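What follows is the content of start16.txt (compact mmCIF, C-alpha atoms).
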# COMPACT_ATOMS: atom_id res chain seq x y z
CA MET B 1 110.02 108.16 119.46
CA SER B 2 111.42 105.73 116.91
CA GLY B 3 112.30 106.82 113.37
CA LYS B 4 110.84 103.59 111.97
CA GLN B 5 107.40 103.96 110.47
CA GLY B 6 104.69 101.41 111.16
CA PRO B 7 102.59 99.72 108.47
CA ALA B 8 99.65 102.12 109.01
CA SER B 9 101.61 105.24 108.05
CA PRO B 10 100.88 106.57 104.54
CA LYS B 11 104.36 105.70 103.29
CA ARG B 12 103.99 102.09 104.40
CA ARG B 13 100.57 101.51 102.86
CA LEU B 14 102.19 100.55 99.58
CA GLN B 15 102.90 96.87 99.04
CA TYR B 16 104.43 94.87 96.20
CA ALA B 17 103.04 91.60 94.86
CA ALA B 18 104.13 88.91 92.46
CA ALA B 19 101.73 87.40 89.93
CA PRO B 20 103.55 84.06 89.60
CA TYR B 21 102.86 82.45 86.24
CA ARG B 22 104.02 79.61 84.01
CA TRP B 23 103.22 78.35 80.56
CA ARG B 24 102.27 74.69 80.29
CA ASP B 25 103.64 72.55 77.47
CA ASP B 26 100.27 72.87 75.69
CA GLY B 27 100.63 76.68 75.68
CA THR B 28 98.07 77.42 78.41
CA LEU B 29 98.83 79.90 81.14
CA GLU B 30 98.65 79.14 84.86
CA VAL B 31 98.95 81.45 87.86
CA LEU B 32 99.84 80.46 91.41
CA LEU B 33 97.77 81.66 94.34
CA VAL B 34 98.55 81.26 98.04
CA THR B 35 96.27 81.42 101.03
CA THR B 36 96.62 84.06 103.70
CA ARG B 37 97.88 82.76 107.03
CA GLU B 38 94.94 83.93 109.12
CA THR B 39 91.79 84.01 106.99
CA LYS B 40 92.89 81.40 104.39
CA ARG B 41 91.69 83.63 101.51
CA TRP B 42 93.32 83.07 98.11
CA VAL B 43 95.73 85.88 97.16
CA ILE B 44 98.95 86.45 95.25
CA PRO B 45 102.20 86.67 97.25
CA LYS B 46 102.61 90.24 98.53
CA GLY B 47 104.22 92.27 101.26
CA TRP B 48 105.82 95.48 102.43
CA PRO B 49 108.73 96.99 100.50
CA ILE B 50 112.15 95.61 101.36
CA ARG B 51 114.62 98.36 102.23
CA GLY B 52 117.18 98.76 99.43
CA ALA B 53 115.36 96.44 97.01
CA LYS B 54 113.62 97.50 93.81
CA PRO B 55 109.84 96.95 93.81
CA HIS B 56 109.92 93.91 91.48
CA ALA B 57 112.70 92.37 93.60
CA SER B 58 110.57 92.84 96.74
CA ALA B 59 107.69 91.09 94.94
CA ALA B 60 109.96 88.20 93.90
CA ARG B 61 111.16 87.87 97.50
CA GLU B 62 107.56 87.56 98.72
CA ALA B 63 106.94 84.77 96.18
CA LEU B 64 110.03 82.96 97.48
CA GLU B 65 109.03 83.33 101.15
CA GLU B 66 105.33 82.54 100.71
CA ALA B 67 105.46 79.84 98.04
CA GLY B 68 109.10 78.83 97.47
CA LEU B 69 109.02 80.23 93.94
CA ILE B 70 112.13 81.14 91.99
CA GLY B 71 111.83 82.99 88.71
CA ARG B 72 112.24 86.23 86.81
CA ALA B 73 110.24 89.23 87.97
CA ASP B 74 109.50 91.85 85.34
CA PRO B 75 110.44 95.37 86.52
CA GLU B 76 107.24 96.82 85.00
CA SER B 77 104.05 96.64 87.06
CA ILE B 78 101.02 95.14 85.30
CA GLY B 79 98.46 96.81 87.56
CA THR B 80 97.39 97.72 91.06
CA PHE B 81 94.73 96.63 93.50
CA HIS B 82 93.60 97.76 96.93
CA TYR B 83 92.65 95.82 100.03
CA ASP B 84 92.16 96.36 103.74
CA LYS B 85 94.97 94.81 105.80
CA ARG B 86 94.27 93.93 109.41
CA LEU B 87 97.15 95.18 111.53
CA LYS B 88 98.56 93.59 114.69
CA ASP B 89 96.69 96.10 116.86
CA GLY B 90 93.37 95.03 115.28
CA SER B 91 92.95 98.16 113.18
CA GLU B 92 92.80 98.11 109.38
CA ALA B 93 94.92 99.96 106.84
CA ARG B 94 93.90 100.48 103.22
CA CYS B 95 96.81 99.18 101.13
CA LYS B 96 97.67 99.82 97.51
CA VAL B 97 99.45 96.87 95.90
CA LEU B 98 101.60 97.10 92.76
CA VAL B 99 101.63 93.78 90.88
CA PHE B 100 104.69 92.48 89.03
CA PRO B 101 104.60 89.40 86.81
CA LEU B 102 106.96 86.64 87.92
CA GLU B 103 107.80 83.95 85.38
CA VAL B 104 108.32 80.89 87.58
CA LYS B 105 111.31 78.67 86.80
CA THR B 106 111.11 76.33 89.78
CA GLN B 107 109.67 75.81 93.25
CA ARG B 108 111.87 74.88 96.20
CA LYS B 109 111.05 71.81 98.26
CA ARG B 110 111.30 73.90 101.47
CA TRP B 111 110.66 77.59 102.06
CA ARG B 112 110.08 80.02 104.90
CA GLU B 113 106.27 79.87 105.11
CA LYS B 114 105.70 76.30 103.93
CA GLY B 115 103.06 74.71 106.12
CA GLN B 116 101.57 78.12 106.96
CA ARG B 117 99.86 78.57 103.58
CA LYS B 118 98.44 76.51 100.76
CA ALA B 119 99.75 77.15 97.25
CA ARG B 120 97.94 76.07 94.09
CA TRP B 121 98.17 76.63 90.34
CA PHE B 122 94.99 77.95 88.66
CA ASP B 123 94.02 78.92 85.17
CA PRO B 124 93.67 82.74 85.19
CA PHE B 125 89.86 82.70 85.02
CA ASP B 126 89.56 80.31 87.99
CA ALA B 127 92.16 82.35 89.89
CA ALA B 128 90.09 85.49 89.29
CA GLN B 129 87.04 83.71 90.70
CA ALA B 130 89.00 82.59 93.78
CA VAL B 131 90.22 86.02 94.92
CA GLN B 132 88.04 88.62 96.66
CA GLU B 133 89.56 91.90 95.45
CA PRO B 134 87.76 93.16 92.29
CA GLU B 135 90.84 94.94 90.90
CA LEU B 136 92.96 91.81 91.35
CA ARG B 137 90.24 89.77 89.63
CA GLN B 138 90.57 92.05 86.60
CA ILE B 139 94.36 91.69 86.51
CA LEU B 140 94.08 87.89 86.68
CA ARG B 141 91.40 87.76 83.97
CA ASN B 142 93.72 89.72 81.66
CA LEU B 143 96.94 88.00 82.69
CA ASP B 144 97.56 86.30 79.34
CA ALA B 145 97.62 89.73 77.67
CA LEU B 146 99.81 91.25 80.41
CA VAL B 147 102.69 88.73 80.48
CA PRO B 148 105.13 87.78 77.71
CA ALA B 149 103.83 85.08 75.38
CA ALA B 150 105.10 81.53 75.73
CA LYS B 151 108.36 80.85 73.97
CA PRO B 152 108.38 78.08 71.36
CA SER B 153 109.06 74.68 72.87
CA ARG B 154 112.68 73.52 72.87
CA HIS B 155 111.42 70.04 71.96
CA THR B 156 110.66 70.98 68.35
Would you mind giving the structure from this file in structure tokens?
Amino acid sequence: MSGKQGPASPKRRLQYAAAPYRWRDDGTLEVLLVTTRETKRWVIPKGWPIRGAKPHASAAREALEEAGLIGRADPESIGTFHYDKRLKDGSEARCKVLVFPLEVKTQRKRWREKGQRKARWFDPFDAAQAVQEPELRQILRNLDALVPAAKPSRHT
């Protein structure tokens, strides 16, 4: 028997997600959502912990792989949500997801899962309407209060 645990084990039911955000020049907040590969639902980038990486670094890595995003992930979680993940064997596992804000600096032209997902910027209210998970909706609705305020423009 292998020492590696599968995703359905209790230890592996924890995932980390990035809430990728940016402040527009007019001071409004936007959040990026991606679609899932199979069901095409709108979600935030998320995945299993990366061995040896801190939780916020795992979340940032998911944002890079799923949407080509590069930025600064805050080490403090801004909330959690739960969802049922369909596993490769067809069963479902209830997952708890810790969400870390990721201030996006740039988006690469190419990334690992480009072409497998859609990525789109939303205002937080519209993002909340687009996702299915009630707890994630609440996080997105409150995102402007959960992330650092926009810095004054360098153009002034």
Coordinates of box centre and edge lengths for segment 108-119 of chain B, 4 Å on every side, axis-aligned, as AutoDock Vina command-line options:
--center_x 105.2 --center_y 75.9 --center_z 101.6 --size_x 21.4 --size_y 16.2 --size_z 18.8
(request) Go through B:Ala73, B:Leu33, B:Ala53, B:Leu146 one by one, measure the shortest atom-to-atom distance of each to Asp126 of chain B using all atoms listed in the file, and give the residue with the smallest value. (result)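 Nearest to Asp126 of chain B: B:Leu33.
Note that the spacing between atom CA of Lys96 of chain B and atom CA of Glu133 of chain B amounts to 11.5 Å.
The space between atom CA of Ala17 of chain B and atom CA of Ala63 of chain B spans 8.0 Å.
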(request) Using only C-alpha atoms, collect all residues at a distance of at most 6 Å from (105.3, 79.2, 99.6) as written in the file, then present them as a PyMOL selection string. (result) chain B and resi 65-68+113-114
Please extract segment 57-104 of chain B and write it out with N, CA and C atoms, as a PDB file, in the first residue's frame.
ATOM      1  N   ALA B  57       1.080  30.562  -0.759  1.00  0.00           N
ATOM      2  CA  ALA B  57       1.914  30.304  -1.937  1.00  0.00           C
ATOM      3  C   ALA B  57       1.257  29.244  -2.829  1.00  0.00           C
ATOM      4  N   SER B  58       0.625  28.245  -2.217  1.00  0.00           N
ATOM      5  CA  SER B  58      -0.126  27.251  -3.005  1.00  0.00           C
ATOM      6  C   SER B  58      -1.251  27.932  -3.770  1.00  0.00           C
ATOM      7  N   ALA B  59      -1.958  28.854  -3.109  1.00  0.00           N
ATOM      8  CA  ALA B  59      -3.055  29.581  -3.762  1.00  0.00           C
ATOM      9  C   ALA B  59      -2.535  30.408  -4.937  1.00  0.00           C
ATOM     10  N   ALA B  60      -1.404  31.088  -4.728  1.00  0.00           N
ATOM     11  CA  ALA B  60      -0.820  31.897  -5.803  1.00  0.00           C
ATOM     12  C   ALA B  60      -0.414  31.018  -6.983  1.00  0.00           C
ATOM     13  N   ARG B  61       0.089  29.823  -6.694  1.00  0.00           N
ATOM     14  CA  ARG B  61       0.486  28.898  -7.755  1.00  0.00           C
ATOM     15  C   ARG B  61      -0.721  28.464  -8.585  1.00  0.00           C
ATOM     16  N   GLU B  62      -1.848  28.228  -7.916  1.00  0.00           N
ATOM     17  CA  GLU B  62      -3.078  27.865  -8.644  1.00  0.00           C
ATOM     18  C   GLU B  62      -3.505  28.998  -9.577  1.00  0.00           C
ATOM     19  N   ALA B  63      -3.398  30.240  -9.109  1.00  0.00           N
ATOM     20  CA  ALA B  63      -3.767  31.396  -9.945  1.00  0.00           C
ATOM     21  C   ALA B  63      -2.858  31.495 -11.163  1.00  0.00           C
ATOM     22  N   LEU B  64      -1.582  31.161 -10.987  1.00  0.00           N
ATOM     23  CA  LEU B  64      -0.646  31.170 -12.107  1.00  0.00           C
ATOM     24  C   LEU B  64      -0.992  30.066 -13.110  1.00  0.00           C
ATOM     25  N   GLU B  65      -1.236  28.849 -12.605  1.00  0.00           N
ATOM     26  CA  GLU B  65      -1.529  27.725 -13.498  1.00  0.00           C
ATOM     27  C   GLU B  65      -2.873  27.851 -14.202  1.00  0.00           C
ATOM     28  N   GLU B  66      -3.894  28.348 -13.484  1.00  0.00           N
ATOM     29  CA  GLU B  66      -5.247  28.380 -14.038  1.00  0.00           C
ATOM     30  C   GLU B  66      -5.568  29.646 -14.818  1.00  0.00           C
ATOM     31  N   ALA B  67      -4.852  30.750 -14.528  1.00  0.00           N
ATOM     32  CA  ALA B  67      -5.192  32.008 -15.193  1.00  0.00           C
ATOM     33  C   ALA B  67      -3.980  32.833 -15.618  1.00  0.00           C
ATOM     34  N   GLY B  68      -2.772  32.338 -15.371  1.00  0.00           N
ATOM     35  CA  GLY B  68      -1.571  33.071 -15.772  1.00  0.00           C
ATOM     36  C   GLY B  68      -1.300  34.305 -14.936  1.00  0.00           C
ATOM     37  N   LEU B  69      -1.855  34.349 -13.720  1.00  0.00           N
ATOM     38  CA  LEU B  69      -1.758  35.545 -12.896  1.00  0.00           C
ATOM     39  C   LEU B  69      -0.495  35.552 -12.043  1.00  0.00           C
ATOM     40  N   ILE B  70       0.127  36.714 -11.986  1.00  0.00           N
ATOM     41  CA  ILE B  70       1.291  36.932 -11.133  1.00  0.00           C
ATOM     42  C   ILE B  70       0.956  38.099 -10.215  1.00  0.00           C
ATOM     43  N   GLY B  71       1.187  37.902  -8.932  1.00  0.00           N
ATOM     44  CA  GLY B  71       0.891  38.962  -7.979  1.00  0.00           C
ATOM     45  C   GLY B  71       1.374  38.613  -6.594  1.00  0.00           C
ATOM     46  N   ARG B  72       0.860  39.345  -5.622  1.00  0.00           N
ATOM     47  CA  ARG B  72       1.249  39.155  -4.225  1.00  0.00           C
ATOM     48  C   ARG B  72       0.085  38.549  -3.461  1.00  0.00           C
ATOM     49  N   ALA B  73       0.298  37.337  -2.939  1.00  0.00           N
ATOM     50  CA  ALA B  73      -0.720  36.677  -2.132  1.00  0.00           C
ATOM     51  C   ALA B  73      -0.517  37.054  -0.675  1.00  0.00           C
ATOM     52  N   ASP B  74      -1.591  37.447  -0.023  1.00  0.00           N
ATOM     53  CA  ASP B  74      -1.536  37.764   1.398  1.00  0.00           C
ATOM     54  C   ASP B  74      -1.484  36.450   2.181  1.00  0.00           C
ATOM     55  N   PRO B  75      -0.644  36.360   3.215  1.00  0.00           N
ATOM     56  CA  PRO B  75      -0.559  35.113   3.979  1.00  0.00           C
ATOM     57  C   PRO B  75      -1.759  34.859   4.893  1.00  0.00           C
ATOM     58  N   GLU B  76      -2.622  35.849   5.073  1.00  0.00           N
ATOM     59  CA  GLU B  76      -3.806  35.700   5.929  1.00  0.00           C
ATOM     60  C   GLU B  76      -5.031  35.347   5.088  1.00  0.00           C
ATOM     61  N   SER B  77      -5.708  34.280   5.453  1.00  0.00           N
ATOM     62  CA  SER B  77      -6.933  33.879   4.766  1.00  0.00           C
ATOM     63  C   SER B  77      -8.045  34.895   5.045  1.00  0.00           C
ATOM     64  N   ILE B  78      -8.886  35.127   4.040  1.00  0.00           N
ATOM     65  CA  ILE B  78     -10.016  36.052   4.212  1.00  0.00           C
ATOM     66  C   ILE B  78     -11.339  35.308   4.344  1.00  0.00           C
ATOM     67  N   GLY B  79     -11.282  33.979   4.420  1.00  0.00           N
ATOM     68  CA  GLY B  79     -12.500  33.208   4.600  1.00  0.00           C
ATOM     69  C   GLY B  79     -12.368  31.800   4.074  1.00  0.00           C
ATOM     70  N   THR B  80     -13.428  31.036   4.261  1.00  0.00           N
ATOM     71  CA  THR B  80     -13.466  29.662   3.775  1.00  0.00           C
ATOM     72  C   THR B  80     -14.806  29.401   3.101  1.00  0.00           C
ATOM     73  N   PHE B  81     -14.797  28.432   2.202  1.00  0.00           N
ATOM     74  CA  PHE B  81     -16.054  27.939   1.639  1.00  0.00           C
ATOM     75  C   PHE B  81     -15.911  26.441   1.433  1.00  0.00           C
ATOM     76  N   HIS B  82     -17.034  25.793   1.231  1.00  0.00           N
ATOM     77  CA  HIS B  82     -17.082  24.347   1.030  1.00  0.00           C
ATOM     78  C   HIS B  82     -17.726  24.034  -0.309  1.00  0.00           C
ATOM     79  N   TYR B  83     -17.306  22.939  -0.905  1.00  0.00           N
ATOM     80  CA  TYR B  83     -17.942  22.477  -2.140  1.00  0.00           C
ATOM     81  C   TYR B  83     -17.701  20.984  -2.276  1.00  0.00           C
ATOM     82  N   ASP B  84     -18.470  20.353  -3.137  1.00  0.00           N
ATOM     83  CA  ASP B  84     -18.318  18.929  -3.401  1.00  0.00           C
ATOM     84  C   ASP B  84     -17.514  18.751  -4.683  1.00  0.00           C
ATOM     85  N   LYS B  85     -16.334  18.145  -4.542  1.00  0.00           N
ATOM     86  CA  LYS B  85     -15.453  17.904  -5.685  1.00  0.00           C
ATOM     87  C   LYS B  85     -15.683  16.502  -6.211  1.00  0.00           C
ATOM     88  N   ARG B  86     -15.898  16.418  -7.510  1.00  0.00           N
ATOM     89  CA  ARG B  86     -16.038  15.101  -8.146  1.00  0.00           C
ATOM     90  C   ARG B  86     -14.634  14.553  -8.371  1.00  0.00           C
ATOM     91  N   LEU B  87     -14.400  13.356  -7.868  1.00  0.00           N
ATOM     92  CA  LEU B  87     -13.098  12.716  -7.988  1.00  0.00           C
ATOM     93  C   LEU B  87     -13.025  11.873  -9.252  1.00  0.00           C
ATOM     94  N   LYS B  88     -11.802  11.468  -9.607  1.00  0.00           N
ATOM     95  CA  LYS B  88     -11.594  10.698 -10.841  1.00  0.00           C
ATOM     96  C   LYS B  88     -12.386   9.404 -10.877  1.00  0.00           C
ATOM     97  N   ASP B  89     -12.640   8.822  -9.695  1.00  0.00           N
ATOM     98  CA  ASP B  89     -13.398   7.564  -9.658  1.00  0.00           C
ATOM     99  C   ASP B  89     -14.914   7.786  -9.699  1.00  0.00           C
ATOM    100  N   GLY B  90     -15.344   9.047  -9.832  1.00  0.00           N
ATOM    101  CA  GLY B  90     -16.765   9.369  -9.913  1.00  0.00           C
ATOM    102  C   GLY B  90     -17.404   9.704  -8.586  1.00  0.00           C
ATOM    103  N   SER B  91     -16.712   9.420  -7.488  1.00  0.00           N
ATOM    104  CA  SER B  91     -17.252   9.761  -6.171  1.00  0.00           C
ATOM    105  C   SER B  91     -17.050  11.257  -5.903  1.00  0.00           C
ATOM    106  N   GLU B  92     -17.657  11.741  -4.825  1.00  0.00           N
ATOM    107  CA  GLU B  92     -17.513  13.145  -4.453  1.00  0.00           C
ATOM    108  C   GLU B  92     -16.874  13.245  -3.081  1.00  0.00           C
ATOM    109  N   ALA B  93     -16.087  14.297  -2.901  1.00  0.00           N
ATOM    110  CA  ALA B  93     -15.469  14.584  -1.608  1.00  0.00           C
ATOM    111  C   ALA B  93     -15.847  16.007  -1.220  1.00  0.00           C
ATOM    112  N   ARG B  94     -16.280  16.182   0.008  1.00  0.00           N
ATOM    113  CA  ARG B  94     -16.596  17.520   0.518  1.00  0.00           C
ATOM    114  C   ARG B  94     -15.274  18.208   0.829  1.00  0.00           C
ATOM    115  N   CYS B  95     -15.010  19.339   0.196  1.00  0.00           N
ATOM    116  CA  CYS B  95     -13.752  20.049   0.379  1.00  0.00           C
ATOM    117  C   CYS B  95     -13.982  21.375   1.106  1.00  0.00           C
ATOM    118  N   LYS B  96     -13.053  21.680   1.985  1.00  0.00           N
ATOM    119  CA  LYS B  96     -12.995  22.986   2.640  1.00  0.00           C
ATOM    120  C   LYS B  96     -11.900  23.767   1.936  1.00  0.00           C
ATOM    121  N   VAL B  97     -12.207  25.014   1.560  1.00  0.00           N
ATOM    122  CA  VAL B  97     -11.268  25.826   0.800  1.00  0.00           C
ATOM    123  C   VAL B  97     -10.955  27.103   1.579  1.00  0.00           C
ATOM    124  N   LEU B  98      -9.657  27.314   1.881  1.00  0.00           N
ATOM    125  CA  LEU B  98      -9.209  28.555   2.492  1.00  0.00           C
ATOM    126  C   LEU B  98      -8.885  29.528   1.367  1.00  0.00           C
ATOM    127  N   VAL B  99      -9.391  30.764   1.475  1.00  0.00           N
ATOM    128  CA  VAL B  99      -9.241  31.762   0.424  1.00  0.00           C
ATOM    129  C   VAL B  99      -8.218  32.822   0.846  1.00  0.00           C
ATOM    130  N   PHE B 100      -7.268  33.085  -0.057  1.00  0.00           N
ATOM    131  CA  PHE B 100      -6.231  34.081   0.175  1.00  0.00           C
ATOM    132  C   PHE B 100      -6.320  35.151  -0.907  1.00  0.00           C
ATOM    133  N   PRO B 101      -6.351  36.428  -0.511  1.00  0.00           N
ATOM    134  CA  PRO B 101      -6.389  37.481  -1.522  1.00  0.00           C
ATOM    135  C   PRO B 101      -5.071  37.534  -2.287  1.00  0.00           C
ATOM    136  N   LEU B 102      -5.174  37.736  -3.585  1.00  0.00           N
ATOM    137  CA  LEU B 102      -4.002  37.841  -4.452  1.00  0.00           C
ATOM    138  C   LEU B 102      -4.112  39.142  -5.236  1.00  0.00           C
ATOM    139  N   GLU B 103      -3.250  40.107  -4.898  1.00  0.00           N
ATOM    140  CA  GLU B 103      -3.234  41.362  -5.644  1.00  0.00           C
ATOM    141  C   GLU B 103      -2.481  41.117  -6.949  1.00  0.00           C
ATOM    142  N   VAL B 104      -3.202  41.188  -8.055  1.00  0.00           N
ATOM    143  CA  VAL B 104      -2.643  40.848  -9.363  1.00  0.00           C
ATOM    144  C   VAL B 104      -1.815  42.011  -9.896  1.00  0.00           C
TER     145      VAL B 104
END
